[in-house]
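Trainee: This one is protein34.txt, compact mmCIF, C-alpha atoms.
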# COMPACT_ATOMS: atom_id res chain seq x y z
CA MET A 19 -22.65 -31.42 -9.85
CA ALA A 20 -20.68 -31.90 -13.05
CA TRP A 21 -16.99 -32.57 -12.94
CA VAL A 22 -14.53 -31.49 -15.60
CA THR A 23 -11.61 -33.75 -16.07
CA LYS A 24 -8.41 -32.97 -17.93
CA SER A 25 -7.50 -35.31 -20.72
CA THR A 26 -4.09 -36.82 -20.42
CA ASP A 27 -3.84 -36.69 -24.21
CA GLU A 28 -4.13 -32.87 -24.41
CA GLN A 29 -1.02 -31.19 -25.76
CA TYR A 30 0.15 -27.67 -24.83
CA THR A 31 2.26 -25.54 -27.12
CA PRO A 32 4.49 -23.05 -25.26
CA GLU A 33 4.16 -19.38 -26.25
CA PRO A 34 6.76 -18.25 -28.75
CA PRO A 35 9.42 -15.85 -27.40
CA PRO A 36 8.82 -12.13 -28.05
CA ARG A 37 9.90 -10.98 -31.47
CA GLU A 38 13.16 -9.13 -31.63
CA TYR A 39 12.73 -6.02 -33.80
CA THR A 40 15.56 -4.75 -35.91
CA LYS A 41 17.05 -1.32 -35.27
CA LYS A 42 15.37 -0.02 -38.43
CA GLU A 43 11.96 -1.29 -37.29
CA LYS A 44 12.45 0.20 -33.83
CA ALA A 45 13.40 3.57 -35.33
CA ALA A 46 10.39 3.51 -37.66
CA ASN A 47 8.08 2.70 -34.75
CA TRP A 48 9.56 5.46 -32.60
CA TRP A 49 9.26 7.96 -35.44
CA HIS A 50 5.63 6.98 -36.02
CA TYR A 51 4.67 7.97 -32.48
CA HIS A 52 7.03 10.94 -32.00
CA LYS A 53 7.26 12.70 -35.36
CA MET A 54 4.80 15.44 -34.37
CA ILE A 55 6.77 16.19 -31.21
CA VAL A 56 10.02 16.31 -33.18
CA ALA A 57 8.47 18.67 -35.72
CA LEU A 58 7.19 20.95 -32.96
CA VAL A 59 10.59 21.03 -31.24
CA ALA A 60 12.28 21.79 -34.57
CA ILE A 61 9.91 24.71 -35.19
CA ILE A 62 10.59 26.08 -31.71
CA ILE A 63 14.36 25.80 -32.24
CA VAL A 64 14.11 27.60 -35.58
CA LEU A 65 12.02 30.38 -34.03
CA ILE A 66 14.45 30.80 -31.15
CA ALA A 67 17.40 30.90 -33.57
CA TRP A 68 15.61 33.45 -35.77
CA ILE A 69 14.76 35.69 -32.82
CA ALA A 70 18.31 35.44 -31.46
CA HIS A 71 19.79 36.25 -34.88
CA ASP A 72 17.42 39.17 -35.29
CA MET A 73 18.33 40.56 -31.89
CA LEU A 74 22.08 40.09 -32.38
CA SER A 75 22.07 41.51 -35.91
CA GLN A 76 20.05 44.60 -35.03
CA VAL A 77 21.97 47.82 -35.29
CA ASP A 78 21.53 50.76 -32.97
CA PRO A 79 21.45 53.67 -35.44
CA ASP A 80 22.50 57.17 -34.46
CA LEU A 81 20.15 58.67 -37.03
CA GLN A 82 17.01 57.27 -38.60
CA VAL A 83 15.41 58.65 -41.74
CA ALA A 84 12.05 57.47 -43.06
CA TYR A 85 11.05 56.96 -46.67
CA VAL A 86 7.30 56.64 -47.26
CA GLY A 87 6.18 55.67 -50.75
CA PRO A 88 4.12 53.14 -52.70
CA ALA A 89 7.22 51.07 -53.49
CA SER A 90 10.58 50.54 -51.87
CA MET A 91 13.64 52.39 -53.04
CA PRO A 92 16.35 50.20 -54.60
CA THR A 93 18.93 48.78 -52.24
CA ASP A 94 21.72 50.69 -54.01
CA THR A 95 19.90 53.97 -53.40
CA VAL A 96 19.23 53.25 -49.74
CA GLU A 97 22.83 52.25 -49.07
CA ALA A 98 24.12 55.31 -50.92
CA LEU A 99 21.86 57.59 -48.88
CA GLN A 100 22.95 56.03 -45.60
CA GLU A 101 26.61 56.42 -46.48
CA ALA A 102 26.21 59.98 -47.76
CA LEU A 103 24.31 61.13 -44.66
CA THR A 104 26.74 59.56 -42.19
CA PRO A 105 29.16 62.57 -42.10
CA TYR A 106 26.28 64.79 -40.95
CA CYS A 107 25.66 62.67 -37.86
CA THR A 108 27.61 62.00 -34.67
CA ASP A 109 28.05 58.95 -32.47
CA ARG A 110 24.99 59.62 -30.30
CA ASN A 111 24.88 56.25 -28.54
CA GLY A 112 28.61 56.10 -27.82
CA ASP A 113 29.21 52.71 -29.40
CA GLY A 114 32.23 53.95 -31.32
CA GLU A 115 30.65 54.15 -34.77
CA VAL A 116 28.18 56.33 -36.62
CA ILE A 117 25.27 54.51 -38.24
CA VAL A 118 22.51 56.05 -40.35
CA GLN A 119 19.47 53.93 -41.13
CA VAL A 120 16.91 54.64 -43.84
CA LYS A 121 13.66 52.91 -42.88
CA GLN A 122 11.17 52.27 -45.67
CA PHE A 123 7.40 52.17 -45.35
CA ASN A 124 5.40 50.98 -48.35
CA VAL A 125 2.20 53.02 -48.21
CA ASN A 126 0.13 54.19 -51.18
CA TYR A 127 -2.21 57.09 -50.41
CA ASP A 128 -3.84 56.86 -53.85
CA SER A 129 -7.07 55.06 -52.98
CA GLU A 130 -7.96 54.64 -56.66
CA ASN A 131 -4.82 52.67 -57.46
CA ASP A 132 -5.92 49.11 -58.15
CA ASN A 133 -2.33 47.84 -58.18
CA THR A 134 -1.85 48.37 -54.46
CA ASP A 135 -1.19 45.15 -52.57
CA PRO A 136 -3.63 45.24 -49.61
CA TYR A 137 -1.34 43.13 -47.41
CA MET A 138 1.69 45.31 -48.09
CA GLN A 139 -0.47 48.38 -47.53
CA MET A 140 -1.71 47.12 -44.17
CA ALA A 141 1.81 46.16 -43.08
CA GLY A 142 3.18 49.56 -44.13
CA LEU A 143 0.43 51.47 -42.35
CA THR A 144 0.90 49.44 -39.18
CA GLN A 145 4.66 49.98 -39.11
CA LEU A 146 4.30 53.67 -39.90
CA SER A 147 1.70 54.17 -37.17
CA ALA A 148 4.13 52.71 -34.64
CA GLU A 149 6.86 55.11 -35.75
CA LEU A 150 4.54 58.10 -35.47
CA ALA A 151 3.62 57.24 -31.88
CA ASP A 152 5.12 59.03 -28.91
CA GLY A 153 8.57 57.74 -28.06
CA SER A 154 9.70 57.23 -31.64
CA ASP A 155 13.02 58.82 -32.64
CA LEU A 156 12.08 59.18 -36.32
CA TYR A 157 11.70 62.83 -37.35
CA ILE A 158 13.20 63.31 -40.83
CA TYR A 159 10.91 62.08 -43.61
CA LEU A 160 11.37 61.50 -47.33
CA LEU A 161 7.94 61.42 -48.94
CA ALA A 162 6.62 60.35 -52.33
CA ASP A 163 3.15 61.80 -51.60
CA PRO A 164 3.36 64.53 -48.95
CA ALA A 165 -0.26 65.62 -49.44
CA GLY A 166 -1.60 62.13 -48.75
CA PHE A 167 0.85 61.59 -45.91
CA GLN A 168 -0.12 64.79 -44.09
CA GLU A 169 -3.84 64.31 -44.67
CA GLN A 170 -3.70 60.86 -43.11
CA THR A 171 -1.15 61.41 -40.33
CA MET A 172 -1.18 65.17 -39.53
CA ALA A 173 2.37 64.60 -38.30
CA LEU A 174 4.40 67.31 -40.07
CA ARG A 175 5.38 70.76 -38.91
CA TYR A 176 5.76 73.88 -41.03
CA LEU A 177 9.12 74.79 -42.53
CA ASP A 178 9.48 77.66 -40.07
CA GLY A 179 9.20 75.22 -37.15
CA THR A 180 5.64 76.10 -36.13
CA LEU A 181 2.87 73.55 -35.82
CA PRO A 182 -0.59 73.39 -37.34
CA PRO A 183 -3.43 73.30 -34.79
CA ASP A 184 -3.66 69.95 -33.06
CA GLY A 185 -5.99 67.69 -35.04
CA GLU A 186 -5.68 69.68 -38.26
CA ALA A 187 -3.61 68.80 -41.32
CA GLY A 188 -2.79 72.41 -42.24
CA ASP A 189 -1.19 73.39 -45.55
CA TRP A 190 1.16 70.61 -46.55
CA GLN A 191 2.80 72.76 -49.24
CA LYS A 192 4.33 74.90 -46.50
CA MET A 193 5.71 71.86 -44.71
CA VAL A 194 7.97 70.33 -47.34
CA TYR A 195 10.84 71.01 -49.70
CA ARG A 196 11.40 69.20 -52.92
CA TRP A 197 14.61 67.21 -52.86
CA THR A 198 15.73 69.43 -55.73
CA ASP A 199 15.07 72.56 -53.61
CA CYS A 200 17.93 71.62 -51.27
CA PRO A 201 21.48 72.38 -52.45
CA VAL A 202 23.03 70.17 -49.79
CA LEU A 203 20.92 67.15 -50.72
CA THR A 204 21.39 67.53 -54.45
CA GLY A 205 25.12 67.86 -53.81
CA LEU A 206 25.39 64.46 -52.11
CA ASP A 207 27.47 61.90 -53.96
CA LEU A 208 24.99 59.05 -54.30
CA GLY A 209 26.57 57.19 -57.19
CA THR A 210 24.46 55.09 -59.53
CA CYS A 211 21.74 52.47 -59.19
CA SER A 212 22.28 49.05 -60.73
CA THR A 213 18.55 48.34 -60.64
CA TYR A 214 17.77 50.81 -63.41
CA VAL A 215 19.68 51.35 -66.64
CA ASP A 216 19.05 53.48 -69.71
CA ASP A 217 18.80 52.27 -73.30
CA ALA A 218 22.57 52.31 -73.59
CA GLY A 219 22.97 50.09 -70.52
CA ASN A 220 24.22 52.87 -68.27
CA GLU A 221 23.15 52.78 -64.63
CA LEU A 222 20.77 55.52 -63.56
CA PRO A 223 22.19 58.10 -61.11
CA ASN A 224 20.64 57.78 -57.67
CA GLN A 225 20.22 61.55 -57.59
CA GLU A 226 17.84 61.20 -60.52
CA LEU A 227 15.77 58.69 -58.57
CA MET A 228 15.50 61.19 -55.70
CA THR A 229 14.13 63.97 -57.93
CA PRO A 230 10.41 63.25 -57.19
CA VAL A 231 11.00 63.02 -53.42
CA TYR A 232 9.93 65.64 -50.86
CA VAL A 233 11.65 66.18 -47.52
CA ALA A 234 9.84 67.07 -44.31
CA PHE A 235 10.24 67.17 -40.54
CA ARG A 236 7.85 65.60 -38.05
CA GLY A 237 6.42 67.95 -35.46
CA ASN A 238 6.41 67.58 -31.69
CA TRP A 239 3.16 68.38 -29.90
CA ASN A 240 4.38 67.37 -26.43
CA GLU A 241 5.52 69.89 -23.85
CA GLU A 242 8.79 68.03 -23.37
CA ILE A 243 11.17 68.16 -26.33
CA PRO A 244 12.87 64.78 -26.89
CA GLU A 245 16.65 64.70 -27.22
CA ALA A 246 16.34 62.99 -30.61
CA TYR A 247 14.08 65.79 -31.83
CA THR A 248 16.72 68.41 -31.06
CA ALA A 249 19.53 66.35 -32.59
CA ASP A 250 17.56 65.54 -35.75
CA GLU A 251 16.46 69.15 -36.09
CA ALA A 252 20.11 70.25 -36.21
CA ILE A 253 20.78 67.75 -39.00
CA TRP A 254 17.59 68.83 -40.79
CA ASN A 255 18.69 72.47 -40.68
CA THR A 256 22.07 71.50 -42.15
CA LEU A 257 20.60 69.36 -44.93
CA THR A 258 18.06 72.03 -45.92
CA ALA A 259 20.41 75.02 -45.61
CA GLY A 260 19.91 77.38 -48.53
CA ALA A 261 16.72 75.62 -49.66
CA VAL A 262 13.98 77.66 -51.30
CA SER A 263 10.63 75.89 -51.58
CA THR A 264 9.13 75.60 -55.04
CA VAL A 265 6.28 73.35 -53.92
CA ALA A 266 3.66 76.10 -54.05
CA GLU A 267 4.42 76.55 -57.75
CA GLU A 268 2.69 73.27 -58.57
I'd like the structure from this file rewritten - as structure tokens, please.
Mentor:
Amino acid sequence: MAWVTKSTDEQYTPEPPPREYTKKEKAANWWHYHKMIVALVAIIIVLIAWIAHDMLSQVDPDLQVAYVGPASMPTDTVEALQEALTPYCTDRNGDGEVIVQVKQFNVNYDSENDNTDPYMQMAGLTQLSAELADGSDLYIYLLADPAGFQEQTMALRYLDGTLPPDGEAGDWQKMVYRWTDCPVLTGLDLGTCSTYVDDAGNELPNQELMTPVYVAFRGNWNEEIPEAYTADEAIWNTLTAGAVSTVAEE
């Protein structure tokens, strides 16, 4: 058996004490291992703040009006419409104020238009489909292309209040007025639009921007008549009082 002996001349060096890291080095090390968690928490906080802001800033309108067209109306025009239509509405929800909201849906029914943004088109169609579903309180429509709208949605009723057969588009020309057919609408004080000016630098009247628009009312095919349908119908009758359709003259 072999024996191992320890030399008395062998020297041992004690281990050096642990290195003390500076605060900057400690912070850098912590950040290296936790930056992804911090980023994730920050994203969650931003999302929560955005959702909370969206919920708190949402208004509860007493009347909603839809505009469906290939491009959005200018902000000036929308705000002028909302303000001008407010006197025709009442405080339905009892919150102490009357709010009219014009909701815009960017949808182009011209399939041959190469300038249509497919993403905007898909978003507009999705939002519009939700508003046309049962339970929606949106019945008054401003339309840039009533023929395309009715062909695709079959949502409108005739001007006399009757409905086309379920599943049929019917004659769209008997379902709409031109904006210019309606004395009440053309008499609204809508002011001017700062987005568009003429050669002399004068702002374009918002009434002029509304000239190509058609107005229509969404039908109700359910046995039960929603409260919003009745209330919106009363406003519709007021806004279209004295109107004589010239659509069939096209």
Trainee: Do a neighbour search on range 92-105 of chain A at 8 Å with all atoms listed in the file, toss out local chain neighbours closer than 3 positions, and write the hits as an mmCIF file with C-alpha atoms, in the coordinates of the input.
Mentor:
data_model
loop_
_atom_site.group_PDB
_atom_site.id
_atom_site.type_symbol
_atom_site.label_atom_id
_atom_site.label_comp_id
_atom_site.auth_asym_id
_atom_site.auth_seq_id
_atom_site.Cartn_x
_atom_site.Cartn_y
_atom_site.Cartn_z
ATOM 1 C CA THR A 108 27.610 62.000 -34.670
ATOM 2 C CA VAL A 116 28.180 56.330 -36.620
ATOM 3 C CA ILE A 117 25.270 54.510 -38.240
ATOM 4 C CA VAL A 118 22.510 56.050 -40.350
ATOM 5 C CA GLN A 119 19.470 53.930 -41.130
ATOM 6 C CA VAL A 120 16.910 54.640 -43.840
ATOM 7 C CA LEU A 206 25.390 64.460 -52.110
ATOM 8 C CA ASP A 207 27.470 61.900 -53.960
ATOM 9 C CA LEU A 208 24.990 59.050 -54.300
ATOM 10 C CA GLY A 209 26.570 57.190 -57.190
ATOM 11 C CA THR A 210 24.460 55.090 -59.530
ATOM 12 C CA CYS A 211 21.740 52.470 -59.190
ATOM 13 C CA SER A 212 22.280 49.050 -60.730
ATOM 14 C CA THR A 213 18.550 48.340 -60.640
ATOM 15 C CA ASN A 224 20.640 57.780 -57.670
#
Trainee: Using only C-alpha atoms for the distances, tell me which of A:Met91, A:Ile158, A:Val194, A:Ala46 is nearest to Thr248 in chain A.
Mentor: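 That would be A:Ile158, the residue with the smallest distance to Thr248 in chain A.
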Trainee: Rounded to one decimal place, report the CA of Cys107 in chain A-CA of Ala249 in chain A distance in Å.
Mentor: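 Between CA of Cys107 in chain A and CA of Ala249 in chain A the gap works out to 8.9 Å.
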Trainee: Find the residues with any atom within 12 Å of (21.6, 78.1, -47.1); use all atoms listed in the file and the coordinates as given in the file, and write the answer as a list in words.
Mentor: Asp199, Cys200, Pro201, Val202, Leu203, Trp254, Asn255, Thr256, Leu257, Thr258, Ala259, Gly260, Ala261 and Val262 of chain A
Trainee: Got a sec: who's within 9 Å of Arg175 in chain A, counting only C-alpha atoms, leaving out chain neighbours fewer than 5 positions off, as a tab-separated table (two decimals) with C-alpha atoms, keeping the file's coordinate frame?
Mentor:
chain	number	residue	atom	x	y	z
A	180	THR	CA	5.64	76.10	-36.13
A	181	LEU	CA	2.87	73.55	-35.82
A	182	PRO	CA	-0.59	73.39	-37.34
A	188	GLY	CA	-2.79	72.41	-42.24
A	190	TRP	CA	1.16	70.61	-46.55
A	192	LYS	CA	4.33	74.90	-46.50
A	193	MET	CA	5.71	71.86	-44.71
A	194	VAL	CA	7.97	70.33	-47.34
A	234	ALA	CA	9.84	67.07	-44.31
A	235	PHE	CA	10.24	67.17	-40.54
A	236	ARG	CA	7.85	65.60	-38.05
A	237	GLY	CA	6.42	67.95	-35.46
A	238	ASN	CA	6.41	67.58	-31.69
Trainee: Rank nothing, just name the residue among A:Tyr137, A:Tyr106, A:Tyr176, A:Tyr85 nearest to Leu160 in chain A, using only C-alpha atoms.
Mentor: A:Tyr85
Trainee: Quick one, how far is CA of Tyr195 in chain A from CA of Val233 in chain A?
Mentor: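 Interatomic distance, CA of Tyr195 in chain A to CA of Val233 in chain A: 5.4 Å.
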Trainee: Please indicate the distance in Å from CA of Gly219 in chain A to CA of Lys121 in chain A, rounded to one decimal place.
Mentor: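 We find that CA of Gly219 in chain A and CA of Lys121 in chain A lie 29.3 Å from each other.
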Trainee: Considering only C-alpha atoms, can you say which of A:Gly153, A:Pro88, A:Gly185, A:Pro79 comes closest to Pro136 in chain A?
Mentor: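 Answer, going by the shortest atom-to-atom distance: A:Pro88.
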Trainee: Between A:Leu161, A:Asp217, A:Gly112, A:Ala187, which one has atoms that come closest to Ala173 in chain A, using only C-alpha atoms?
Mentor: A:Ala187
Trainee: Point out the residue among A:Glu251, A:Asp135, A:Asp184, A:Asp78 with the least atom-to-atom distance to Trp239 in chain A, counting only C-alpha atoms.
Mentor: A:Asp184
